[in-house]
Amino acid sequence: MKNILNKHTGLTIFQQFLVLFLGMGFLIITVMAGGYFFYEQNFKKEELKSQFANSLKEAGDYFNTRYALQISNDLHFIERSDSFRTYLSSQKDEILINKPSVERLFLYFTDRPHGIYLSARFIDARGVEDIVTEGARRIKKYVSQDSFPSDNKLFSNIYVLFKRLMSAKQGDILVEGPFEYGGKYTFLVGMAKSDPEVEGTAGAVIFHCDITAFLDYLKSKVVYKEHVAGLFTLNGGQICAAPAENSAVFYTASDIVRLGSDNKGLFKVVLSLSSAVFFAELLGIIKETFISMFLLFIIVVLLAFFISRRFSKPLDALIASVRRIATGDLTARVNVVAKGELGSLVDSFNNMAGDLQKITVSRDELTRAKDTAEQALAIKDEFTSMVSHELRTPLAAIKSSIDILDTEIPGQLTADQKVFIKRVKSNIDRLARLINDVLDFSKLESGAMVLNLSPLRPEAIVQEIVEIQGAVVKAKGLTIGTSFAENLSTVMADKDRLIQVLNNLVSNALKFTQ
């Protein structure tokens, strides 16, 4: 048993429990980390979509508030201006008097700090500039649609818009652009001015607008510390591009900014986030997740250690006690407090060890008792042999005397005396057999006697017993009748032992017969 207990040299129970708990903990943490990563990736992507959608809406709202609404209000303000109406209805000699007030009206719009208007102009129905202001200046050098420089992008777009306004409905606001001018991206917006004296169009008021404010607003759109907003013309021309345009794009969204009564598309706002920035953000999440999972793993290791120790400590103590019992120390017990199935196992082992100790003590006592009994039996056998020997000596002397009497004076004996001598000899032989039987009985107790088995006829055995008990039967005045069934089978038995048993039965029967 000692060799069996020492044969296994693999992991201990504690180590097996620890490996099991650590493996389970690592698997759970890995699944949790992977699940959390994919959840966070999808969450970030959906969050990015939502953020881009909100940013596009906010950009549209900003443009509508900062540009569309203001431009509409300013154009309608000019349309309703009394000084402008008075100027348009002035006679030739009144024009020079009324013109300065209209110019001041236009300067009000162009001479604003951080304003959106680069210039404001009124072009009469003939296509000739009548009033022009740029910033805080009044421009006295006018052009017409027949005389503007063909290579001037500004005038080219102005008169394209003018022609559209001349054929549009009164009050419609139309736009043209965007286009680059003077190092800036700009666009034109205008509205036809009705003639106050006759039904018809007196001309058109056109604003030259700067989109710098809108570009600055777009530059403020930052996601994960990267500028994400870009602005493009509808035909794909780049006004300003987000950094993501120069690298692999992870996600992009766009919307068209519209202006005017015909809801014409002016330019396209594009929001783009590069894959490098997005996955860099995810990498940060992975690092945070790794740190969290590492701390969680440390907790799992500690829990695994204490739980494994709790399970393995009673089992280690149990194995140590089994090894002590295997070496013969039956006093070994498991001195560990445990609950549940382990507690039941510890209690069962301690009870078994106690029972084993009791059984072993009883066995030792039985062995000692057996040795004492064997010694007593040997003494009894020796005593029986001595007594048998001492009894045989006088019995042999008596038998010799009877033999001499029978052989020396046979002619002098009567018939009854001869019968008596014969009976004495028979009893002497019987007594000798009894002495031998006592000796054999002693051997039977010690296990040294051997039975002499032979086939016997039952009726012969009975007849011999009748002869043995003949004197007693005659003295009591009794008779013994015998009757046997036909075809009795022989039996295998020790003749002397069988006669001894049956003779004792008959002797007892005669003894208690009156």
# chains A, B, ... in the order shown; residues from 1 in each chain; ligands from 1

$ select_by_dssp --residues "segment 50-271 of chain A" --states "helix (DSSP H, G or I)" --output "number ranges by chain"
A: 50-80, 82-88, 92-110, 153-166, 212-219, 243-246

$ closest_residue --among "A:Ile158, A:Val128, A:Val205, A:Leu488" --to "Ile78 of chain A" --atoms "only C-alpha atoms"
A:Val205

$ residues_around --residues "segment 85-102 of chain A" --least-positions-apart "4" --cutoff "7 Å" --atoms "only C-alpha atoms" --output "JSON, numbers by chain"
{"A": [81, 106, 196, 197]}

$ atom_distance --atom1 "atom CA of Val257 of chain A" --atom2 "atom CA of Pro178 of chain A"
11.3 Å

$ residues_around --residues "segment 451-467 of chain A" --least-positions-apart "6" --cutoff "6 Å" --atoms "only C-alpha atoms" --output "short mmCIF file (atom, residue, chain, number, x, y, z; two decimals) with N, CA, C and O atoms, in the first residue's frame"
data_model
loop_
_atom_site.label_atom_id
_atom_site.label_comp_id
_atom_site.auth_asym_id
_atom_site.auth_seq_id
_atom_site.Cartn_x
_atom_site.Cartn_y
_atom_site.Cartn_z
N THR A 490 -24.16 -50.22 4.10
CA THR A 490 -22.99 -50.02 4.95
C THR A 490 -22.75 -48.52 5.08
O THR A 490 -23.17 -47.71 4.25
N VAL A 491 -22.05 -48.15 6.15
CA VAL A 491 -21.71 -46.76 6.39
C VAL A 491 -20.21 -46.64 6.56
O VAL A 491 -19.56 -47.59 7.02
N MET A 492 -19.67 -45.46 6.16
CA MET A 492 -18.25 -45.19 6.35
C MET A 492 -18.10 -44.44 7.66
O MET A 492 -18.60 -43.33 7.83
N ALA A 493 -17.39 -45.08 8.64
CA ALA A 493 -17.23 -44.47 9.95
C ALA A 493 -16.03 -45.08 10.64
O ALA A 493 -15.48 -46.10 10.24
N ASP A 494 -15.61 -44.37 11.72
CA ASP A 494 -14.56 -44.90 12.61
C ASP A 494 -15.26 -45.81 13.60
O ASP A 494 -16.07 -45.35 14.42
N ASN A 503 -22.70 -46.60 22.53
CA ASN A 503 -22.63 -47.25 23.84
C ASN A 503 -22.97 -46.26 24.95
O ASN A 503 -23.64 -46.62 25.93
#

$ atom_distance --atom1 "atom CA of Phe267 of chain A" --atom2 "atom CA of Phe179 of chain A"
10.4 Å

$ atom_distance --atom1 "atom CA of Asp146 of chain A" --atom2 "atom CA of Phe109 of chain A"
27.4 Å

$ residues_around --residues "Gly127 of chain A" --least-positions-apart "2" --cutoff "12 Å" --atoms "only C-alpha atoms" --output "list in words"
Arg121, Phe122, Ile123, Asp124, Ala125, Glu129, Asp130, Ile131, Tyr142, Val143, Ser144, Gln145, Asp146, Ser147, Phe148, Phe155, Ile158, Tyr159, Val160, Leu161, Phe162, Lys163, Leu165, Met166, Thr201, Ala202, Gly203, Ala204 and Val205 of chain A

$ select_by_dssp --residues "segment 64-227 of chain A" --states "strand (DSSP E or B)" --output "PyMOL selection string"
chain A and resi 117-124+128-134+137-138+144+173-181+184-194+201-210+222-223+226-227

$ closest_residue --among "A:Tyr224, A:Phe52, A:Phe250, A:Tyr117" --to "His208 of chain A" --atoms "only C-alpha atoms"
A:Tyr117

$ residues_around --residues "Thr133 of chain A" --least-positions-apart "4" --cutoff "9 Å" --atoms "only C-alpha atoms" --output "compact mmCIF listing (two decimals) with N, CA and C atoms, in the first residue's frame"
# COMPACT_ATOMS: atom_id res chain seq x y z
N GLU A 103 -26.00 104.33 -50.58
CA GLU A 103 -24.66 103.79 -50.39
C GLU A 103 -24.39 103.50 -48.91
N ARG A 104 -24.85 104.39 -48.04
CA ARG A 104 -24.69 104.13 -46.60
C ARG A 104 -25.47 102.86 -46.19
N PHE A 106 -25.94 100.23 -48.08
CA PHE A 106 -25.14 99.07 -48.51
C PHE A 106 -23.89 98.92 -47.64
N LEU A 107 -23.30 100.12 -47.25
CA LEU A 107 -22.13 100.04 -46.37
C LEU A 107 -22.47 99.42 -45.02
N THR A 110 -21.72 95.76 -45.60
CA THR A 110 -20.36 95.33 -45.94
C THR A 110 -19.33 95.79 -44.92
N ASP A 111 -19.65 96.87 -44.20
CA ASP A 111 -18.68 97.40 -43.24
C ASP A 111 -19.02 96.88 -41.84
N LEU A 118 -18.42 90.44 -48.59
CA LEU A 118 -17.23 91.10 -49.12
C LEU A 118 -17.63 92.37 -49.89
N SER A 119 -18.77 92.29 -50.58
CA SER A 119 -19.25 93.47 -51.32
C SER A 119 -20.76 93.36 -51.50
N ALA A 120 -21.37 94.52 -51.75
CA ALA A 120 -22.79 94.58 -52.05
C ALA A 120 -22.96 95.50 -53.25
N ARG A 121 -23.85 95.16 -54.17
CA ARG A 121 -24.02 95.98 -55.36
C ARG A 121 -25.47 95.92 -55.84
N ARG A 137 -15.66 100.86 -48.21
CA ARG A 137 -15.42 101.75 -49.34
C ARG A 137 -16.62 101.75 -50.29
N ARG A 138 -16.78 102.93 -50.93
CA ARG A 138 -17.73 103.08 -52.02
C ARG A 138 -16.96 103.01 -53.33
N ILE A 139 -17.40 102.18 -54.24
CA ILE A 139 -16.72 102.01 -55.51
C ILE A 139 -17.42 102.87 -56.55
N LYS A 140 -16.64 103.75 -57.15
CA LYS A 140 -17.21 104.67 -58.12
C LYS A 140 -16.99 104.18 -59.56

$ closest_residue --among "A:Ile421, A:Ile428, A:Leu105, A:Lys141" --to "Thr407 of chain A" --atoms "only C-alpha atoms"
A:Ile421

$ residues_around --residues "segment 251-253 of chain A" --least-positions-apart "6" --cutoff "7 Å" --atoms "only C-alpha atoms" --output "mmCIF file with all heavy atoms, in the first residue's frame"
data_model
loop_
_atom_site.group_PDB
_atom_site.id
_atom_site.type_symbol
_atom_site.label_atom_id
_atom_site.label_comp_id
_atom_site.auth_asym_id
_atom_site.auth_seq_id
_atom_site.Cartn_x
_atom_site.Cartn_y
_atom_site.Cartn_z
ATOM 1 N N PHE A 52 -21.594 61.795 -36.303
ATOM 2 C CA PHE A 52 -21.478 62.407 -37.623
ATOM 3 C C PHE A 52 -22.817 62.959 -38.088
ATOM 4 O O PHE A 52 -22.889 64.044 -38.682
ATOM 5 C CB PHE A 52 -20.944 61.387 -38.625
ATOM 6 C CG PHE A 52 -19.440 61.325 -38.668
ATOM 7 C CD1 PHE A 52 -18.682 61.834 -37.624
ATOM 8 C CD2 PHE A 52 -18.770 60.762 -39.746
ATOM 9 C CE1 PHE A 52 -17.295 61.782 -37.650
ATOM 10 C CE2 PHE A 52 -17.393 60.709 -39.790
ATOM 11 C CZ PHE A 52 -16.653 61.210 -38.741
ATOM 12 N N VAL A 270 -18.458 67.115 -45.871
ATOM 13 C CA VAL A 270 -18.066 65.698 -45.731
ATOM 14 C C VAL A 270 -17.351 65.519 -44.404
ATOM 15 O O VAL A 270 -16.404 66.246 -44.088
ATOM 16 C CB VAL A 270 -17.149 65.256 -46.887
ATOM 17 C CG1 VAL A 270 -16.721 63.800 -46.685
ATOM 18 C CG2 VAL A 270 -17.855 65.428 -48.220
ATOM 19 N N LEU A 271 -17.819 64.538 -43.630
ATOM 20 C CA LEU A 271 -17.159 64.162 -42.374
ATOM 21 C C LEU A 271 -16.496 62.814 -42.579
ATOM 22 O O LEU A 271 -17.152 61.845 -42.990
ATOM 23 C CB LEU A 271 -18.171 64.086 -41.225
ATOM 24 C CG LEU A 271 -18.948 65.377 -40.918
ATOM 25 C CD1 LEU A 271 -19.898 65.139 -39.763
ATOM 26 C CD2 LEU A 271 -18.001 66.517 -40.601
ATOM 27 N N SER A 272 -15.207 62.714 -42.299
ATOM 28 C CA SER A 272 -14.450 61.472 -42.503
ATOM 29 C C SER A 272 -13.533 61.229 -41.324
ATOM 30 O O SER A 272 -12.907 62.163 -40.799
ATOM 31 C CB SER A 272 -13.620 61.554 -43.795
ATOM 32 O OG SER A 272 -14.459 61.748 -44.918
ATOM 33 N N LEU A 273 -13.462 59.968 -40.929
ATOM 34 C CA LEU A 273 -12.530 59.566 -39.871
ATOM 35 C C LEU A 273 -11.636 58.470 -40.423
ATOM 36 O O LEU A 273 -12.109 57.481 -40.993
ATOM 37 C CB LEU A 273 -13.283 59.040 -38.639
ATOM 38 C CG LEU A 273 -12.401 58.660 -37.448
ATOM 39 C CD1 LEU A 273 -11.813 59.917 -36.810
ATOM 40 C CD2 LEU A 273 -13.186 57.881 -36.400
#

$ closest_residue --among "A:Asn436, A:Thr212, A:Asn152, A:Ser72" --to "Met191 of chain A" --atoms "only C-alpha atoms"
A:Ser72
